[in-house]
Amino acid sequence: MHAERGQHNMTMPVLPSFDLKRNYGRVAPEIREAVARVLESQHFILGPEVEALEAETAAYLGIANTVGCASGSDALLLAMMALGVGPGDEVITTPFSFFATASCITRLGARPVFADVEINSGNVSAESVRSKITPATRVILPVHLFGQMASVEEIAGMTKGKAIAIVEDCAQAFGASRTIDDQVKRAGSLGTIGCYSFFPTKNLGAYGDAGLVATGDESLAKRLRSLRVHGSGVQYFHDEVGLNSRLDAVQAAILRVRLRHLEEWNEERRLAAERYELLFAEKGLAEFVSAPVETDGNRHIYHQYVVRCSRRDELQRHMQEQGIVTRVYYPLSLHLQPCFSFLGYGEGECPVAEKLTSEVLALPMFPEILPEEQERVADAMKDFYDTRS
Ligand SMILES: *Cc1c(COP(=O)(O)O)cnc(C)c1O
């Protein structure tokens with residue numbers, strides 16, 4: 001990661017934005033055993049480890065069917081393919097997300113329609129979604145940004161009686177939940193299909209690429225299973241043209257170990273988030289920095305800890321000089337990406353998302369971050385606003 005090689009000249013060690021090595025240290029013996037088991041079996045693609053992971057994630061998520069695949073990007077693409085999205089269809093989504101949220105739509109010849117987001121959570125605004133629904137709307141694709149769920153139930157209310165599916169992009173929110181009518185619902189369990197990424201830096205990460213699709217609908221599950229193996233139900237007979245998007249057994253075995261620890265790690269992230277907020281108050285930073293807001297009914301799992309701040313770029317440079325790595329998710333809204341210029345969007349069409357792109361900063365966040373490291377982050381921020389204003 002290029003940003004990690006900062007030009008800071010302090011004697012302090014670099015504080016990274018995430019630290020996978022510390023996490024690995026906590027589970028290394030279990031991981032080695034799991035990988036050895038796969039090597040002994042010599043069964044590398046799909047098979048028993050993948051089936052076991054599918055069963056365990058289904059139980060954890062409270063969703064009947066889960067289908068392992070090669071990445072989160074593929075999970076989204078498979079979901080769109082299973083729903084038959086194609087030319088002439090519109091998919092309403094958020095412009096404030098990772099690229100794959102929109103590319104799964106354009107890749108199939110359908111049109112992304114960008115709704116604006118909420119300033120507090122960065123999640124897509126249900127009201128804005130409502131205003132974008134047309135007869136061509138086939139799917140609504142909310143993203144559970146940074147580890148906090150969007151209000152899927154509100155969006156689901158708008159699609160009642162219409163042939164509109166909901167695909168949840170849960171790539172940043174494995175294990176996040178939302179309490180609706182006294183029931184706790186995990187990310188991915190409210191819509192038609194939930195899509196997950198196990199990219200190594202995600203809060204449930206593999207040690208390579210991996211992803212998962214989840215659905216309560218049996219016939220969609222069957223189609224997803226076929227689509228991930230070239231659209232084949234019986235080997236060498238192809239009902240449709242699918243993808244090669246299988247999950248490999250080594251990653252599945254690793255994920256099974258890591259899933260057992262996920263609740264604990266998500267809880268540690270939540271504690272770290274609480275500590276950041278206390279530190280901001282203690283150091284009088286509230287005037288310059290807004291901590292992320294956990295909106296009503298949500299259990300945010302802080303995949304990223306993203307603040308809004310004034311003079312973001314200067315602050316980020318200052319932090320870098322202090323050896324603290326921060327990141328910007330995302331510096332350019334999807335509706336303004338050059339590759340999507342053919343859609344005809346211009347500046348000012350998603351004003352909240354555009355505002356966020358200039359204000360957001362992700363501070364170091366990982367389950368093992370130490371209180372003194374967080375204090376160092378807050379001190380560096382205080383130093384910046386005290387001396388450079
Ligand atoms: C990471 C991510 C993806 C893509 O997942 P990959 O496994 O990297 O392909 C999709 N959507 C969002 C919101 C993500 O953060």
# chains A, B, ... in the order shown; residues from 1 in each chain; ligands from 1
>>> closest_atom_pairs(of="chain A", to="ligand 1", cutoff="7 Å", atoms="only C-alpha atoms and all ligand atoms", output="CSV")
residue,atom,partner,partner_atom_place_in_ligand_line,distance
A:Ser71,CA,ligand 1,7 (O),4.0
A:Gly72,CA,ligand 1,7 (O),3.4
A:Ser73,CA,ligand 1,9 (O),3.6
A:Asp74,CA,ligand 1,9 (O),6.4
A:Ser97,CA,ligand 1,13 (C),5.4
A:Phe98,CA,ligand 1,13 (C),4.8
A:Phe99,CA,ligand 1,11 (N),7.0
A:Ala100,CA,ligand 1,10 (C),4.9
A:Thr101,CA,ligand 1,11 (N),5.1
A:Val143,CA,ligand 1,13 (C),6.0
A:Leu145,CA,ligand 1,13 (C),6.5
A:Asp169,CA,ligand 1,11 (N),5.9
A:Cys170,CA,ligand 1,13 (C),6.8
A:Ala171,CA,ligand 1,14 (C),4.7
A:Gln172,CA,ligand 1,15 (O),5.2
A:Ser197,CA,ligand 1,7 (O),4.2
A:Phe198,CA,ligand 1,7 (O),5.7
A:Phe199,CA,ligand 1,7 (O),4.6
A:Asp209,CA,ligand 1,7 (O),6.0
A:Ala210,CA,ligand 1,7 (O),6.0
A:Gly211,CA,ligand 1,7 (O),5.8
>>> write_last_selection(atoms="N, CA, C and O atoms", output="PDB file, in the first residue's frame")
ATOM      1  N   SER A  71     -15.584 -13.469  -5.617  1.00  0.00           N
ATOM      2  CA  SER A  71     -15.310 -12.135  -5.067  1.00  0.00           C
ATOM      3  C   SER A  71     -16.626 -11.424  -4.781  1.00  0.00           C
ATOM      4  O   SER A  71     -17.695 -11.876  -5.223  1.00  0.00           O
ATOM      5  N   GLY A  72     -16.533 -10.305  -4.104  1.00  0.00           N
ATOM      6  CA  GLY A  72     -17.720  -9.486  -3.873  1.00  0.00           C
ATOM      7  C   GLY A  72     -18.239  -8.880  -5.169  1.00  0.00           C
ATOM      8  O   GLY A  72     -19.451  -8.758  -5.377  1.00  0.00           O
ATOM      9  N   SER A  73     -17.322  -8.505  -6.050  1.00  0.00           N
ATOM     10  CA  SER A  73     -17.734  -7.955  -7.346  1.00  0.00           C
ATOM     11  C   SER A  73     -18.533  -8.997  -8.122  1.00  0.00           C
ATOM     12  O   SER A  73     -19.560  -8.693  -8.724  1.00  0.00           O
ATOM     13  N   ASP A  74     -18.048 -10.240  -8.106  1.00  0.00           N
ATOM     14  CA  ASP A  74     -18.779 -11.316  -8.784  1.00  0.00           C
ATOM     15  C   ASP A  74     -20.115 -11.589  -8.093  1.00  0.00           C
ATOM     16  O   ASP A  74     -21.100 -11.920  -8.755  1.00  0.00           O
ATOM     17  N   SER A  97     -20.047   4.878  -3.177  1.00  0.00           N
ATOM     18  CA  SER A  97     -19.688   3.494  -2.908  1.00  0.00           C
ATOM     19  C   SER A  97     -18.466   3.120  -3.713  1.00  0.00           C
ATOM     20  O   SER A  97     -17.959   3.906  -4.516  1.00  0.00           O
ATOM     21  N   PHE A  98     -18.027   1.870  -3.511  1.00  0.00           N
ATOM     22  CA  PHE A  98     -16.953   1.312  -4.321  1.00  0.00           C
ATOM     23  C   PHE A  98     -17.476   1.050  -5.738  1.00  0.00           C
ATOM     24  O   PHE A  98     -18.656   0.768  -5.933  1.00  0.00           O
ATOM     25  N   PHE A  99     -16.583   1.113  -6.681  1.00  0.00           N
ATOM     26  CA  PHE A  99     -16.901   1.015  -8.100  1.00  0.00           C
ATOM     27  C   PHE A  99     -17.778  -0.186  -8.480  1.00  0.00           C
ATOM     28  O   PHE A  99     -18.688  -0.083  -9.308  1.00  0.00           O
ATOM     29  N   ALA A 100     -17.511  -1.341  -7.851  1.00  0.00           N
ATOM     30  CA  ALA A 100     -18.201  -2.590  -8.242  1.00  0.00           C
ATOM     31  C   ALA A 100     -19.713  -2.499  -8.085  1.00  0.00           C
ATOM     32  O   ALA A 100     -20.456  -3.226  -8.743  1.00  0.00           O
ATOM     33  N   THR A 101     -20.175  -1.605  -7.205  1.00  0.00           N
ATOM     34  CA  THR A 101     -21.614  -1.430  -7.004  1.00  0.00           C
ATOM     35  C   THR A 101     -22.294  -0.995  -8.305  1.00  0.00           C
ATOM     36  O   THR A 101     -23.429  -1.379  -8.579  1.00  0.00           O
ATOM     37  N   VAL A 143     -26.323   0.044  -0.591  1.00  0.00           N
ATOM     38  CA  VAL A 143     -25.041  -0.420  -0.043  1.00  0.00           C
ATOM     39  C   VAL A 143     -25.042  -0.130   1.453  1.00  0.00           C
ATOM     40  O   VAL A 143     -25.455   0.962   1.866  1.00  0.00           O
ATOM     41  N   LEU A 145     -23.005   1.006   3.850  1.00  0.00           N
ATOM     42  CA  LEU A 145     -21.699   1.661   3.775  1.00  0.00           C
ATOM     43  C   LEU A 145     -20.945   1.673   5.109  1.00  0.00           C
ATOM     44  O   LEU A 145     -21.527   2.018   6.142  1.00  0.00           O
ATOM     45  N   ASP A 169     -25.882  -4.663  -1.136  1.00  0.00           N
ATOM     46  CA  ASP A 169     -24.420  -4.769  -1.204  1.00  0.00           C
ATOM     47  C   ASP A 169     -23.897  -4.724   0.228  1.00  0.00           C
ATOM     48  O   ASP A 169     -23.811  -3.664   0.854  1.00  0.00           O
ATOM     49  N   CYS A 170     -23.568  -5.924   0.742  1.00  0.00           N
ATOM     50  CA  CYS A 170     -23.137  -6.071   2.142  1.00  0.00           C
ATOM     51  C   CYS A 170     -21.627  -6.253   2.233  1.00  0.00           C
ATOM     52  O   CYS A 170     -21.132  -6.797   3.227  1.00  0.00           O
ATOM     53  N   ALA A 171     -20.895  -5.821   1.207  1.00  0.00           N
ATOM     54  CA  ALA A 171     -19.449  -6.067   1.157  1.00  0.00           C
ATOM     55  C   ALA A 171     -18.715  -5.477   2.364  1.00  0.00           C
ATOM     56  O   ALA A 171     -17.652  -5.949   2.742  1.00  0.00           O
ATOM     57  N   GLN A 172     -19.300  -4.442   2.979  1.00  0.00           N
ATOM     58  CA  GLN A 172     -18.639  -3.808   4.133  1.00  0.00           C
ATOM     59  C   GLN A 172     -19.380  -4.091   5.430  1.00  0.00           C
ATOM     60  O   GLN A 172     -19.117  -3.445   6.444  1.00  0.00           O
ATOM     61  N   SER A 197     -18.461  -9.578   0.316  1.00  0.00           N
ATOM     62  CA  SER A 197     -17.076  -9.698  -0.139  1.00  0.00           C
ATOM     63  C   SER A 197     -16.213 -10.176   1.021  1.00  0.00           C
ATOM     64  O   SER A 197     -16.379  -9.728   2.153  1.00  0.00           O
ATOM     65  N   PHE A 198     -15.287 -11.085   0.712  1.00  0.00           N
ATOM     66  CA  PHE A 198     -14.307 -11.513   1.718  1.00  0.00           C
ATOM     67  C   PHE A 198     -12.910 -11.061   1.319  1.00  0.00           C
ATOM     68  O   PHE A 198     -11.923 -11.724   1.636  1.00  0.00           O
ATOM     69  N   PHE A 199     -12.824  -9.952   0.590  1.00  0.00           N
ATOM     70  CA  PHE A 199     -11.518  -9.347   0.289  1.00  0.00           C
ATOM     71  C   PHE A 199     -10.762  -9.224   1.614  1.00  0.00           C
ATOM     72  O   PHE A 199     -11.372  -8.947   2.653  1.00  0.00           O
ATOM     73  N   ASP A 209      -8.964 -13.554  -2.696  1.00  0.00           N
ATOM     74  CA  ASP A 209     -10.296 -13.108  -3.105  1.00  0.00           C
ATOM     75  C   ASP A 209     -11.340 -14.161  -2.773  1.00  0.00           C
ATOM     76  O   ASP A 209     -11.088 -15.366  -2.911  1.00  0.00           O
ATOM     77  N   ALA A 210     -12.511 -13.710  -2.369  1.00  0.00           N
ATOM     78  CA  ALA A 210     -13.654 -14.617  -2.142  1.00  0.00           C
ATOM     79  C   ALA A 210     -14.906 -13.774  -1.952  1.00  0.00           C
ATOM     80  O   ALA A 210     -14.828 -12.596  -1.602  1.00  0.00           O
ATOM     81  N   GLY A 211     -16.060 -14.382  -2.195  1.00  0.00           N
ATOM     82  CA  GLY A 211     -17.332 -13.668  -2.023  1.00  0.00           C
ATOM     83  C   GLY A 211     -18.462 -14.644  -1.763  1.00  0.00           C
ATOM     84  O   GLY A 211     -18.258 -15.872  -1.753  1.00  0.00           O
TER      85      GLY A 211
END
>>> select_by_dssp(residues="region 141-278 of chain A", states="helix (DSSP H, G or I)", output="mmCIF file with N, CA and C atoms, in the first residue's frame")
data_model
loop_
_atom_site.group_PDB
_atom_site.id
_atom_site.type_symbol
_atom_site.label_atom_id
_atom_site.label_comp_id
_atom_site.auth_asym_id
_atom_site.auth_seq_id
_atom_site.Cartn_x
_atom_site.Cartn_y
_atom_site.Cartn_z
ATOM 1 N N LEU A 145 -23.005 1.006 3.850
ATOM 2 C CA LEU A 145 -21.699 1.661 3.775
ATOM 3 C C LEU A 145 -20.945 1.673 5.109
ATOM 4 N N PHE A 146 -19.687 1.339 5.046
ATOM 5 C CA PHE A 146 -18.753 1.392 6.179
ATOM 6 C C PHE A 146 -19.137 0.455 7.329
ATOM 7 N N GLY A 147 -20.175 -0.372 7.146
ATOM 8 C CA GLY A 147 -20.551 -1.307 8.210
ATOM 9 C C GLY A 147 -21.871 -0.991 8.866
ATOM 10 N N VAL A 152 -33.284 -0.579 4.488
ATOM 11 C CA VAL A 152 -33.803 -1.468 3.445
ATOM 12 C C VAL A 152 -35.314 -1.664 3.598
ATOM 13 N N GLU A 153 -35.782 -1.699 4.843
ATOM 14 C CA GLU A 153 -37.221 -1.968 5.039
ATOM 15 C C GLU A 153 -38.066 -0.824 4.476
ATOM 16 N N GLU A 154 -37.518 0.387 4.540
ATOM 17 C CA GLU A 154 -38.235 1.529 3.982
ATOM 18 C C GLU A 154 -38.297 1.420 2.450
ATOM 19 N N ILE A 155 -37.172 1.006 1.874
ATOM 20 C CA ILE A 155 -37.107 0.816 0.423
ATOM 21 C C ILE A 155 -38.024 -0.336 0.019
ATOM 22 N N ALA A 156 -38.020 -1.407 0.816
ATOM 23 C CA ALA A 156 -38.872 -2.569 0.514
ATOM 24 C C ALA A 156 -40.336 -2.150 0.489
ATOM 25 N N GLY A 157 -40.701 -1.224 1.369
ATOM 26 C CA GLY A 157 -42.074 -0.735 1.400
ATOM 27 C C GLY A 157 -42.490 -0.104 0.073
ATOM 28 N N MET A 158 -41.530 0.520 -0.611
ATOM 29 C CA MET A 158 -41.843 1.199 -1.884
ATOM 30 C C MET A 158 -42.013 0.224 -3.032
ATOM 31 N N THR A 159 -41.469 -0.984 -2.883
ATOM 32 C CA THR A 159 -41.479 -1.922 -4.012
ATOM 33 C C THR A 159 -42.650 -2.898 -3.918
ATOM 34 N N GLU A 218 -35.502 -20.032 -3.144
ATOM 35 C CA GLU A 218 -34.896 -21.298 -3.597
ATOM 36 C C GLU A 218 -34.545 -21.282 -5.088
ATOM 37 N N SER A 219 -35.448 -20.729 -5.898
ATOM 38 C CA SER A 219 -35.185 -20.820 -7.340
ATOM 39 C C SER A 219 -34.046 -19.873 -7.737
ATOM 40 N N LEU A 220 -33.963 -18.717 -7.066
ATOM 41 C CA LEU A 220 -32.813 -17.838 -7.324
ATOM 42 C C LEU A 220 -31.516 -18.516 -6.875
ATOM 43 N N ALA A 221 -31.568 -19.218 -5.754
ATOM 44 C CA ALA A 221 -30.369 -19.895 -5.241
ATOM 45 C C ALA A 221 -29.882 -20.934 -6.250
ATOM 46 N N LYS A 222 -30.830 -21.654 -6.820
ATOM 47 C CA LYS A 222 -30.494 -22.694 -7.788
ATOM 48 C C LYS A 222 -29.829 -22.037 -9.013
ATOM 49 N N ARG A 223 -30.416 -20.923 -9.440
ATOM 50 C CA ARG A 223 -29.855 -20.237 -10.616
ATOM 51 C C ARG A 223 -28.458 -19.686 -10.306
ATOM 52 N N LEU A 224 -28.274 -19.157 -9.096
ATOM 53 C CA LEU A 224 -26.955 -18.635 -8.703
ATOM 54 C C LEU A 224 -25.912 -19.757 -8.698
ATOM 55 N N ARG A 225 -26.289 -20.920 -8.199
ATOM 56 C CA ARG A 225 -25.354 -22.058 -8.172
ATOM 57 C C ARG A 225 -24.943 -22.464 -9.583
ATOM 58 N N SER A 226 -25.883 -22.374 -10.498
ATOM 59 C CA SER A 226 -25.575 -22.716 -11.884
ATOM 60 C C SER A 226 -24.722 -21.622 -12.545
ATOM 61 N N LEU A 227 -25.094 -20.370 -12.292
ATOM 62 C CA LEU A 227 -24.365 -19.261 -12.929
ATOM 63 C C LEU A 227 -22.896 -19.208 -12.520
ATOM 64 N N ALA A 249 -11.453 -23.888 -1.880
ATOM 65 C CA ALA A 249 -11.597 -24.566 -0.589
ATOM 66 C C ALA A 249 -10.642 -24.012 0.479
ATOM 67 N N VAL A 250 -9.440 -23.593 0.075
ATOM 68 C CA VAL A 250 -8.507 -23.031 1.064
ATOM 69 C C VAL A 250 -9.117 -21.765 1.681
ATOM 70 N N GLN A 251 -9.680 -20.908 0.831
ATOM 71 C CA GLN A 251 -10.303 -19.677 1.352
ATOM 72 C C GLN A 251 -11.497 -20.019 2.241
ATOM 73 N N ALA A 252 -12.281 -21.014 1.828
ATOM 74 C CA ALA A 252 -13.449 -21.396 2.630
ATOM 75 C C ALA A 252 -13.016 -21.891 4.009
ATOM 76 N N ALA A 253 -11.964 -22.707 4.047
ATOM 77 C CA ALA A 253 -11.494 -23.244 5.332
ATOM 78 C C ALA A 253 -11.004 -22.104 6.231
ATOM 79 N N ILE A 254 -10.315 -21.132 5.633
ATOM 80 C CA ILE A 254 -9.824 -19.968 6.394
ATOM 81 C C ILE A 254 -11.016 -19.144 6.903
ATOM 82 N N LEU A 255 -11.990 -18.952 6.034
ATOM 83 C CA LEU A 255 -13.161 -18.152 6.422
ATOM 84 C C LEU A 255 -13.961 -18.839 7.536
ATOM 85 N N ARG A 256 -13.998 -20.150 7.533
ATOM 86 C CA ARG A 256 -14.732 -20.860 8.600
ATOM 87 C C ARG A 256 -14.096 -20.563 9.952
ATOM 88 N N VAL A 257 -12.767 -20.529 9.994
ATOM 89 C CA VAL A 257 -12.068 -20.176 11.247
ATOM 90 C C VAL A 257 -12.409 -18.741 11.631
ATOM 91 N N ARG A 258 -12.312 -17.849 10.663
ATOM 92 C CA ARG A 258 -12.452 -16.429 10.978
ATOM 93 C C ARG A 258 -13.896 -16.075 11.338
ATOM 94 N N LEU A 259 -14.850 -16.779 10.750
ATOM 95 C CA LEU A 259 -16.256 -16.535 11.078
ATOM 96 C C LEU A 259 -16.533 -16.793 12.564
ATOM 97 N N ARG A 260 -15.839 -17.787 13.118
ATOM 98 C CA ARG A 260 -16.053 -18.103 14.541
ATOM 99 C C ARG A 260 -15.632 -16.957 15.458
ATOM 100 N N HIS A 261 -14.749 -16.100 14.975
ATOM 101 C CA HIS A 261 -14.252 -14.976 15.794
ATOM 102 C C HIS A 261 -14.918 -13.647 15.459
ATOM 103 N N LEU A 262 -15.756 -13.653 14.458
ATOM 104 C CA LEU A 262 -16.226 -12.387 13.906
ATOM 105 C C LEU A 262 -16.993 -11.529 14.908
ATOM 106 N N GLU A 263 -17.873 -12.155 15.687
ATOM 107 C CA GLU A 263 -18.665 -11.383 16.656
ATOM 108 C C GLU A 263 -17.745 -10.618 17.606
ATOM 109 N N GLU A 264 -16.719 -11.322 18.090
ATOM 110 C CA GLU A 264 -15.766 -10.706 19.013
ATOM 111 C C GLU A 264 -15.051 -9.528 18.328
ATOM 112 N N TRP A 265 -14.625 -9.730 17.095
ATOM 113 C CA TRP A 265 -13.899 -8.666 16.391
ATOM 114 C C TRP A 265 -14.809 -7.476 16.103
ATOM 115 N N ASN A 266 -16.039 -7.761 15.694
ATOM 116 C CA ASN A 266 -16.968 -6.653 15.435
ATOM 117 C C ASN A 266 -17.213 -5.864 16.722
ATOM 118 N N GLU A 267 -17.302 -6.582 17.841
ATOM 119 C CA GLU A 267 -17.506 -5.922 19.135
ATOM 120 C C GLU A 267 -16.295 -5.044 19.479
ATOM 121 N N GLU A 268 -15.105 -5.536 19.189
ATOM 122 C CA GLU A 268 -13.893 -4.739 19.449
ATOM 123 C C GLU A 268 -13.871 -3.480 18.583
ATOM 124 N N ARG A 269 -14.350 -3.598 17.359
ATOM 125 C CA ARG A 269 -14.447 -2.410 16.506
ATOM 126 C C ARG A 269 -15.409 -1.391 17.126
ATOM 127 N N ARG A 270 -16.513 -1.893 17.654
ATOM 128 C CA ARG A 270 -17.491 -0.988 18.254
ATOM 129 C C ARG A 270 -16.905 -0.269 19.479
ATOM 130 N N LEU A 271 -16.118 -1.003 20.258
ATOM 131 C CA LEU A 271 -15.472 -0.378 21.426
ATOM 132 C C LEU A 271 -14.480 0.692 20.985
ATOM 133 N N ALA A 272 -13.734 0.388 19.938
ATOM 134 C CA ALA A 272 -12.760 1.368 19.432
ATOM 135 C C ALA A 272 -13.495 2.620 18.934
ATOM 136 N N ALA A 273 -14.647 2.424 18.309
ATOM 137 C CA ALA A 273 -15.427 3.571 17.815
ATOM 138 C C ALA A 273 -15.873 4.435 18.989
ATOM 139 N N GLU A 274 -16.299 3.776 20.058
ATOM 140 C CA GLU A 274 -16.727 4.509 21.252
ATOM 141 C C GLU A 274 -15.551 5.328 21.811
ATOM 142 N N ARG A 275 -14.377 4.710 21.828
ATOM 143 C CA ARG A 275 -13.197 5.402 22.354
ATOM 144 C C ARG A 275 -12.854 6.624 21.515
ATOM 145 N N TYR A 276 -12.937 6.495 20.197
ATOM 146 C CA TYR A 276 -12.658 7.655 19.340
ATOM 147 C C TYR A 276 -13.598 8.804 19.712
ATOM 148 N N GLU A 277 -14.862 8.464 19.896
ATOM 149 C CA GLU A 277 -15.836 9.525 20.149
ATOM 150 C C GLU A 277 -15.550 10.227 21.476
ATOM 151 N N LEU A 278 -15.182 9.427 22.483
ATOM 152 C CA LEU A 278 -14.813 10.016 23.774
ATOM 153 C C LEU A 278 -13.605 10.930 23.626
#
>>> atom_distance(atom1="CA of Val167 (chain A)", atom2="CA of Gly191 (chain A)")
5.8 Å
>>> residues_around(residues="Cys309 (chain A)", least_positions_apart="4", cutoff="6 Å", atoms="only C-alpha atoms", output="NGL selection string")
:A and (288-289 or 359)
>>> write_last_selection(atoms="N, CA, C and O atoms", output="PDB file, in the first residue's frame")
ATOM      1  N   PHE A 288     -14.626  20.677  14.730  1.00  0.00           N
ATOM      2  CA  PHE A 288     -13.985  20.421  13.434  1.00  0.00           C
ATOM      3  C   PHE A 288     -14.278  19.046  12.850  1.00  0.00           C
ATOM      4  O   PHE A 288     -14.102  18.824  11.665  1.00  0.00           O
ATOM      5  N   VAL A 289     -14.644  18.124  13.731  1.00  0.00           N
ATOM      6  CA  VAL A 289     -14.751  16.719  13.316  1.00  0.00           C
ATOM      7  C   VAL A 289     -16.100  16.151  13.732  1.00  0.00           C
ATOM      8  O   VAL A 289     -16.480  16.266  14.897  1.00  0.00           O
ATOM      9  N   GLU A 359     -15.180  15.727   2.341  1.00  0.00           N
ATOM     10  CA  GLU A 359     -15.125  15.849   3.811  1.00  0.00           C
ATOM     11  C   GLU A 359     -14.718  14.575   4.548  1.00  0.00           C
ATOM     12  O   GLU A 359     -14.315  14.629   5.704  1.00  0.00           O
TER      13      GLU A 359
END
>>> residues_around(residues="Gly86 (chain A)", least_positions_apart="2", cutoff="7 Å", atoms="only C-alpha atoms", output="NGL selection string")
:A and (84 or 88-89 or 108-110)
>>> residues_around(residues="Leu334 (chain A)", least_positions_apart="3", cutoff="10 Å", atoms="only C-alpha atoms", output="ChimeraX atom specification")
/A:94-103,112,114,330-331,337-341,345,350,353-354
>>> write_last_selection(atoms="C-alpha atoms", output="PDB file, in the first residue's frame")
ATOM      1  CA  THR A  94     -25.945   4.971  -4.487  1.00  0.00           C
ATOM      2  CA  PRO A  95     -23.182   7.053  -6.052  1.00  0.00           C
ATOM      3  CA  PHE A  96     -21.196   6.971  -2.802  1.00  0.00           C
ATOM      4  CA  SER A  97     -19.688   3.494  -2.908  1.00  0.00           C
ATOM      5  CA  PHE A  98     -16.953   1.312  -4.321  1.00  0.00           C
ATOM      6  CA  PHE A  99     -16.901   1.015  -8.100  1.00  0.00           C
ATOM      7  CA  ALA A 100     -18.201  -2.590  -8.242  1.00  0.00           C
ATOM      8  CA  THR A 101     -21.614  -1.430  -7.004  1.00  0.00           C
ATOM      9  CA  ALA A 102     -22.215   0.288 -10.341  1.00  0.00           C
ATOM     10  CA  SER A 103     -20.112  -1.781 -12.753  1.00  0.00           C
ATOM     11  CA  PRO A 112     -27.470   2.762 -13.099  1.00  0.00           C
ATOM     12  CA  PHE A 114     -28.016   7.298  -8.875  1.00  0.00           C
ATOM     13  CA  TYR A 330     -14.420   7.843  -1.700  1.00  0.00           C
ATOM     14  CA  PRO A 331     -12.722  10.816  -3.389  1.00  0.00           C
ATOM     15  CA  GLN A 337     -16.553   8.823 -12.855  1.00  0.00           C
ATOM     16  CA  PRO A 338     -15.156   9.332 -16.370  1.00  0.00           C
ATOM     17  CA  CYS A 339     -16.205   5.809 -17.447  1.00  0.00           C
ATOM     18  CA  PHE A 340     -19.825   6.669 -16.670  1.00  0.00           C
ATOM     19  CA  SER A 341     -19.869  10.006 -18.507  1.00  0.00           C
ATOM     20  CA  TYR A 345     -24.670  12.972 -15.021  1.00  0.00           C
ATOM     21  CA  CYS A 350     -26.082  14.192  -6.095  1.00  0.00           C
ATOM     22  CA  ALA A 353     -22.598  12.548  -2.050  1.00  0.00           C
ATOM     23  CA  GLU A 354     -20.439  15.234  -3.671  1.00  0.00           C
TER      24      GLU A 354
END
>>> closest_residue(among="A:Val241, A:Ala150, A:Leu315, A:Ala380", to="Glu294 (chain A)", atoms="only C-alpha atoms")
A:Ala150
>>> closest_residue(among="A:Ser121, A:Ser128, A:Thr387, A:Thr357", to="Asp296 (chain A)", atoms="only C-alpha atoms")
A:Ser121
>>> residues_around(residues="Ala64 (chain A)", least_positions_apart="2", cutoff="10 Å", atoms="only C-alpha atoms", output="MDAnalysis selection string")
chainID A and resid 54:55 57:59 61:62 66 189 214:218 221
>>> closest_residue(among="A:Leu46, A:Leu76, A:Ile180, A:Ile301", to="Leu141 (chain A)", atoms="only C-alpha atoms")
A:Leu76
>>> closest_residue(among="A:Met365, A:Ile140, A:Val293, A:Leu285", to="Asp386 (chain A)", atoms="only C-alpha atoms")
A:Leu285
>>> atom_distance(atom1="CA of Leu363 (chain A)", atom2="CA of Thr326 (chain A)")
5.1 Å
